[in-house]
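Visitor: To be precise about what I am sending: the file is called coords-v2.cif and holds mmCIF, C-alpha atoms, pLDDT in the B column; chains and numbers go by the auth columns.
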```cif
data_start
loop_
_atom_site.group_PDB
_atom_site.id
_atom_site.type_symbol
_atom_site.label_atom_id
_atom_site.label_comp_id
_atom_site.label_asym_id
_atom_site.label_seq_id
_atom_site.Cartn_x
_atom_site.Cartn_y
_atom_site.Cartn_z
_atom_site.B_iso_or_equiv
_atom_site.auth_seq_id
_atom_site.auth_asym_id
ATOM 1 C CA MET A 1 79.646 88.646 102.122 83.00 1 A
ATOM 2 C CA THR A 2 76.209 87.433 103.106 93.00 2 A
ATOM 3 C CA GLN A 3 73.394 89.808 104.017 86.00 3 A
ATOM 4 C CA ASP A 4 73.497 88.526 107.605 90.00 4 A
ATOM 5 C CA LYS A 5 77.209 89.326 107.828 91.00 5 A
ATOM 6 C CA ARG A 6 76.667 92.816 106.331 93.00 6 A
ATOM 7 C CA THR A 7 73.883 93.451 108.828 93.00 7 A
ATOM 8 C CA LEU A 8 76.094 92.381 111.742 93.00 8 A
ATOM 9 C CA ASN A 9 78.927 94.564 110.423 94.00 9 A
ATOM 10 C CA ASP A 10 76.513 97.500 110.247 93.00 10 A
ATOM 11 C CA LEU A 11 75.276 96.794 113.778 92.00 11 A
ATOM 12 C CA GLU A 12 78.824 96.623 115.163 93.00 12 A
ATOM 13 C CA ARG A 13 79.765 99.907 113.475 93.00 13 A
ATOM 14 C CA GLU A 14 76.639 101.687 114.675 91.00 14 A
ATOM 15 C CA LEU A 15 77.129 100.429 118.238 89.00 15 A
ATOM 16 C CA SER A 16 80.701 101.721 118.179 89.00 16 A
ATOM 17 C CA LEU A 17 79.492 105.096 116.965 89.00 17 A
ATOM 18 C CA PHE A 18 76.668 105.088 119.508 86.00 18 A
ATOM 19 C CA ALA A 19 79.121 104.527 122.354 83.00 19 A
ATOM 20 C CA ARG A 20 81.437 107.226 121.023 81.00 20 A
ATOM 21 C CA HIS A 21 78.676 109.785 120.543 79.00 21 A
ATOM 22 C CA TYR A 22 76.978 109.084 123.844 74.00 22 A
ATOM 23 C CA LEU A 23 80.156 109.192 125.932 66.00 23 A
ATOM 24 C CA SER A 24 81.570 112.279 124.229 63.00 24 A
ATOM 25 C CA THR A 25 78.341 114.280 124.491 62.00 25 A
ATOM 26 C CA ARG A 26 77.765 113.169 128.079 59.00 26 A
ATOM 27 C CA GLN A 27 81.223 114.367 129.118 58.00 27 A
ATOM 28 C CA ALA A 28 80.713 117.721 127.446 55.00 28 A
ATOM 29 C CA ARG A 29 77.432 118.649 129.160 59.00 29 A
ATOM 30 C CA ALA A 30 77.875 121.671 131.364 61.00 30 A
ATOM 31 C CA GLY A 31 77.103 121.164 135.016 67.00 31 A
ATOM 32 C CA GLN A 32 77.550 117.413 135.159 74.00 32 A
ATOM 33 C CA ARG A 33 79.714 116.503 138.116 82.00 33 A
ATOM 34 C CA LEU A 34 79.834 112.723 137.911 89.00 34 A
ATOM 35 C CA ASP A 35 82.288 110.927 135.676 89.00 35 A
ATOM 36 C CA ARG A 36 81.160 107.776 133.905 87.00 36 A
ATOM 37 C CA SER A 37 82.259 105.377 136.658 92.00 37 A
ATOM 38 C CA ALA A 38 80.654 107.458 139.417 94.00 38 A
ATOM 39 C CA TYR A 39 77.415 107.715 137.440 93.00 39 A
ATOM 40 C CA LEU A 40 77.284 103.952 136.883 94.00 40 A
ATOM 41 C CA LEU A 41 78.240 103.068 140.470 97.00 41 A
ATOM 42 C CA LEU A 42 75.613 105.389 141.929 97.00 42 A
ATOM 43 C CA THR A 43 73.019 104.075 139.480 96.00 43 A
ATOM 44 C CA ARG A 44 73.779 100.491 140.498 96.00 44 A
ATOM 45 C CA LEU A 45 73.624 101.319 144.217 97.00 45 A
ATOM 46 C CA GLU A 46 70.384 103.227 143.691 96.00 46 A
ATOM 47 C CA LEU A 47 68.781 100.197 142.011 95.00 47 A
ATOM 48 C CA SER A 48 70.340 97.400 144.078 93.00 48 A
ATOM 49 C CA GLY A 49 70.615 98.994 147.485 91.00 49 A
ATOM 50 C CA SER A 50 73.792 98.681 149.489 95.00 50 A
ATOM 51 C CA MET A 51 76.611 96.503 148.207 95.00 51 A
ATOM 52 C CA SER A 52 80.069 95.444 149.324 94.00 52 A
ATOM 53 C CA LEU A 53 83.220 96.134 147.326 94.00 53 A
ATOM 54 C CA GLY A 54 83.276 92.473 146.288 93.00 54 A
ATOM 55 C CA GLN A 55 79.686 92.631 145.059 94.00 55 A
ATOM 56 C CA LEU A 56 80.411 95.817 143.120 96.00 56 A
ATOM 57 C CA ALA A 57 83.558 94.330 141.589 96.00 57 A
ATOM 58 C CA GLU A 58 81.560 91.276 140.509 95.00 58 A
ATOM 59 C CA ALA A 59 78.673 93.362 139.150 95.00 59 A
ATOM 60 C CA PHE A 60 81.004 95.529 137.060 95.00 60 A
ATOM 61 C CA ARG A 61 83.451 92.726 136.237 94.00 61 A
ATOM 62 C CA LEU A 62 86.318 94.859 137.505 95.00 62 A
ATOM 63 C CA ASP A 63 89.264 94.216 139.763 96.00 63 A
ATOM 64 C CA ILE A 64 88.513 94.985 143.399 96.00 64 A
ATOM 65 C CA SER A 65 91.337 97.558 143.497 96.00 65 A
ATOM 66 C CA THR A 66 89.663 99.484 140.650 97.00 66 A
ATOM 67 C CA ILE A 67 86.288 99.451 142.423 97.00 67 A
ATOM 68 C CA ASN A 68 87.973 100.412 145.692 96.00 68 A
ATOM 69 C CA ARG A 69 89.539 103.452 144.014 97.00 69 A
ATOM 70 C CA GLN A 70 86.258 104.474 142.372 97.00 70 A
ATOM 71 C CA VAL A 71 84.247 104.047 145.583 97.00 71 A
ATOM 72 C CA GLY A 72 86.979 105.905 147.491 97.00 72 A
ATOM 73 C CA ALA A 73 86.501 108.909 145.197 96.00 73 A
ATOM 74 C CA LEU A 74 82.745 108.807 145.833 97.00 74 A
ATOM 75 C CA LEU A 75 83.361 108.619 149.590 97.00 75 A
ATOM 76 C CA LYS A 76 85.608 111.715 149.428 97.00 76 A
ATOM 77 C CA GLN A 77 82.917 113.623 147.567 96.00 77 A
ATOM 78 C CA GLY A 78 80.283 112.561 150.076 97.00 78 A
ATOM 79 C CA PHE A 79 78.254 110.712 147.416 97.00 79 A
ATOM 80 C CA VAL A 80 78.375 107.302 149.153 98.00 80 A
ATOM 81 C CA GLU A 81 78.716 106.197 152.736 97.00 81 A
ATOM 82 C CA ARG A 82 80.282 103.112 154.258 95.00 82 A
ATOM 83 C CA PHE A 83 78.626 101.136 157.031 93.00 83 A
ATOM 84 C CA PRO A 84 79.163 97.761 158.732 90.00 84 A
ATOM 85 C CA ASP A 85 77.728 94.767 156.913 83.00 85 A
ATOM 86 C CA PRO A 86 74.643 93.661 158.850 81.00 86 A
ATOM 87 C CA ASP A 87 75.694 90.045 158.222 77.00 87 A
ATOM 88 C CA GLY A 88 78.662 90.672 160.503 72.00 88 A
ATOM 89 C CA GLY A 89 82.372 90.293 160.133 73.00 89 A
ATOM 90 C CA MET A 90 84.792 92.944 158.969 75.00 90 A
ATOM 91 C CA ALA A 91 82.995 93.570 155.699 79.00 91 A
ATOM 92 C CA ARG A 92 81.633 96.992 154.879 92.00 92 A
ATOM 93 C CA ARG A 93 78.829 97.925 152.572 95.00 93 A
ATOM 94 C CA PHE A 94 78.257 101.113 150.608 97.00 94 A
ATOM 95 C CA ARG A 95 75.102 103.038 149.829 97.00 95 A
ATOM 96 C CA PRO A 96 74.453 106.369 148.150 98.00 96 A
ATOM 97 C CA THR A 97 74.036 109.394 150.379 98.00 97 A
ATOM 98 C CA ASP A 98 71.191 111.842 149.878 97.00 98 A
ATOM 99 C CA GLU A 99 73.712 114.174 148.233 97.00 99 A
ATOM 100 C CA GLY A 100 74.904 111.380 145.948 97.00 100 A
ATOM 101 C CA LEU A 101 71.331 110.641 144.889 97.00 101 A
ATOM 102 C CA ARG A 102 70.675 114.366 144.317 96.00 102 A
ATOM 103 C CA GLN A 103 73.758 114.659 142.122 95.00 103 A
ATOM 104 C CA LEU A 104 72.842 111.486 140.243 95.00 104 A
ATOM 105 C CA ALA A 105 69.334 112.850 139.601 95.00 105 A
ATOM 106 C CA ALA A 106 70.738 116.194 138.444 92.00 106 A
ATOM 107 C CA ASP A 107 73.226 114.549 136.078 91.00 107 A
ATOM 108 C CA ARG A 108 70.531 112.157 134.838 91.00 108 A
ATOM 109 C CA ASP A 109 68.249 115.127 134.092 90.00 109 A
ATOM 110 C CA ARG A 110 71.013 116.819 132.076 87.00 110 A
ATOM 111 C CA SER A 111 71.769 113.609 130.237 85.00 111 A
ATOM 112 C CA ARG A 112 68.089 113.038 129.480 88.00 112 A
ATOM 113 C CA GLU A 113 67.825 116.606 128.140 86.00 113 A
ATOM 114 C CA GLY A 114 70.675 115.862 125.738 83.00 114 A
ATOM 115 C CA VAL A 115 69.007 112.656 124.561 87.00 115 A
ATOM 116 C CA GLU A 116 65.710 114.490 124.234 90.00 116 A
ATOM 117 C CA THR A 117 67.345 116.998 121.886 89.00 117 A
ATOM 118 C CA VAL A 118 68.420 114.163 119.585 89.00 118 A
ATOM 119 C CA VAL A 119 65.040 112.392 119.497 93.00 119 A
ATOM 120 C CA ALA A 120 62.830 115.477 119.642 95.00 120 A
ATOM 121 C CA GLU A 121 61.405 114.866 116.164 97.00 121 A
ATOM 122 C CA TRP A 122 60.943 111.110 116.573 96.00 122 A
ATOM 123 C CA PRO A 123 57.365 109.825 116.689 97.00 123 A
ATOM 124 C CA GLN A 124 56.546 108.396 120.131 96.00 124 A
ATOM 125 C CA ASP A 125 55.930 104.893 118.761 97.00 125 A
ATOM 126 C CA GLU A 126 59.363 104.810 117.073 97.00 126 A
ATOM 127 C CA LEU A 127 61.040 106.039 120.250 96.00 127 A
ATOM 128 C CA ALA A 128 59.236 103.364 122.298 96.00 128 A
ATOM 129 C CA THR A 129 60.293 100.690 119.771 96.00 129 A
ATOM 130 C CA PHE A 130 63.909 101.885 119.947 95.00 130 A
ATOM 131 C CA VAL A 131 63.838 101.729 123.769 95.00 131 A
ATOM 132 C CA ASP A 132 62.308 98.243 123.669 96.00 132 A
ATOM 133 C CA LEU A 133 64.928 96.964 121.214 95.00 133 A
ATOM 134 C CA LEU A 134 67.834 98.584 123.065 93.00 134 A
ATOM 135 C CA THR A 135 66.561 97.121 126.347 94.00 135 A
ATOM 136 C CA ARG A 136 66.251 93.693 124.742 95.00 136 A
ATOM 137 C CA PHE A 137 69.780 94.002 123.331 94.00 137 A
ATOM 138 C CA ASN A 138 71.216 94.926 126.739 94.00 138 A
ATOM 139 C CA ILE A 139 69.299 92.139 128.506 95.00 139 A
ATOM 140 C CA ASP A 140 70.599 89.638 125.949 96.00 140 A
ATOM 141 C CA ILE A 141 74.189 90.845 126.518 94.00 141 A
ATOM 142 C CA GLU A 142 73.657 90.439 130.255 94.00 142 A
ATOM 143 C CA GLY A 143 72.301 86.933 129.643 94.00 143 A
ATOM 144 C CA VAL A 144 75.352 85.939 127.614 95.00 144 A
ATOM 145 C CA GLU A 145 77.620 87.360 130.332 92.00 145 A
ATOM 146 C CA GLY A 146 75.515 85.904 133.154 92.00 146 A
ATOM 147 C CA ASN A 147 75.534 89.329 134.790 91.00 147 A
ATOM 148 C CA PRO A 148 72.071 90.953 134.835 92.00 148 A
ATOM 149 C CA TRP A 149 71.632 94.635 135.597 92.00 149 A
ATOM 150 C CA PRO A 150 68.708 95.590 137.818 92.00 150 A
ATOM 151 C CA ARG A 151 66.045 97.670 136.117 91.00 151 A
ATOM 152 C CA GLU A 152 63.076 99.672 137.163 81.00 152 A
ATOM 153 C CA ARG A 153 59.789 98.523 135.741 64.00 153 A
ATOM 154 C CA ASN A 154 59.213 99.622 132.143 54.00 154 A
ATOM 155 C CA THR A 155 57.432 102.983 132.366 49.00 155 A
ATOM 156 C CA HIS A 156 57.394 104.208 128.766 50.00 156 A
ATOM 157 C CA ASP A 157 54.263 102.286 127.730 48.00 157 A
#
```
Could you show the structure in this file as structure tokens?
Guide:
Amino acid sequence: MTQDKRTLNDLERELSLFARHYLSTRQARAGQRLDRSAYLLLTRLELSGSMSLGQLAEAFRLDISTINRQVGALLKQGFVERFPDPDGGMARRFRPTDEGLRQLAADRDRSREGVETVVAEWPQDELATFVDLLTRFNIDIEGVEGNPWPRERNTHD
């Protein structure tokens, strides 16, 4: 096996472990109310503004019935609201409510605290490099998929 192949094997394994560790620790944090889909949907709506079910389905590459079910759960909890599409027609758009944004911020704070525990001993320059490389990796995935995710301006510099 070539060194390049070994490196890619190592990367694939570490990404699998990263996903496993991150998801399992995120689910176990006391006080978090949002499941993974709710957290991601609210994050997307926070960054993109209001979106229709079709736009959300396209953004997440999910079937519209799946998005409809996930958004329906957020509506029941009062975390998103539906309103007529300003472009007219029968379409509806969804945006986070103030309560949805408060819950997202609270869950994000808890999640950040968990991440902070893991990287507490990391030098700031190594942490910044890791963030830069992870961001680059995600942007490159989005480029391959042709499905960019909106981002806030880089603020860790």
Visitor: Quick one: apply the PyMOL selection byres ((chain A and resi 77) around 12) to the file and drop the selected residues here as a count of residues only.
Guide: 19
Visitor: Let me make sure I understand: among A:Val115, A:Arg110, A:Arg36, A:Glu12, which one has the smallest atom-to-atom distance to Leu127 (chain A) if we use all atoms listed in the file?
Guide: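 The answer is A:Val115, which sits nearest to Leu127 (chain A).
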Visitor: Of the candidates A:Thr129, A:Pro123, A:Leu134, A:Gly114, which one gets nearest to Tyr22 (chain A) if we count only C-alpha atoms?
Guide: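 Looking at the shortest contact to Tyr22 (chain A), the residue is A:Gly114.
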Visitor: Pick out the residues sitting within 7 Å of region 143-150 of chain A, and hand them over as a PDB file with C-alpha atoms, keeping the file's coordinate frame; count all atoms listed in the file, and ignore anything fewer than 4 positions along from it in its own chain.
Guide:
```pdb
ATOM      1  CA  LEU A  47      68.781 100.197 142.011  1.00 95.00           C
ATOM      2  CA  SER A  48      70.340  97.400 144.078  1.00 93.00           C
ATOM      3  CA  ALA A  59      78.673  93.362 139.150  1.00 95.00           C
ATOM      4  CA  ILE A 139      69.299  92.139 128.506  1.00 95.00           C
TER       5      ILE A 139
END
```
Visitor: Contacts of Ser37 (chain A) at 12 Å or less, counting all atoms listed in the file, minus same-chain residues fewer than 6 places along, as a PyMOL selection string?
Guide: chain A and resi 23+27+43-44+56+60+62+66-74+104
Visitor: Which one of A:Met51, A:Leu42, A:Met1, A:Leu11 sits closest to Leu101 (chain A) if you count only C-alpha atoms?
Guide: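 Result for the nearest residue to Leu101 (chain A): A:Leu42.
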Visitor: Interatomic distance between CA of Gly88 (chain A) and CA of Asp63 (chain A)?
Guide: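 Straight-line distance from CA of Gly88 (chain A) to CA of Asp63 (chain A) works out to 23.6 Å.
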Visitor: Could you jot down the CA of Phe94 (chain A) to CA of Ser52 (chain A) separation for me, Å, one decimal place?
Guide: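 Computed distance, CA of Phe94 (chain A) to CA of Ser52 (chain A), equals 6.1 Å.
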Visitor: CA of Val118 (chain A) to CA of Ala105 (chain A): how many Å, to one decimal?
Guide: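 About the pair CA of Val118 (chain A) and CA of Ala105 (chain A): they are 20.1 Å apart.
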Visitor: Near Ser50 (chain A), counting only C-alpha atoms, which residues have an atom at most 7 Å away, once you skip same-chain residues fewer than 4 positions from it, shown as a list in words?
Guide: Leu45, Arg93, Phe94 and Arg95 of chain A
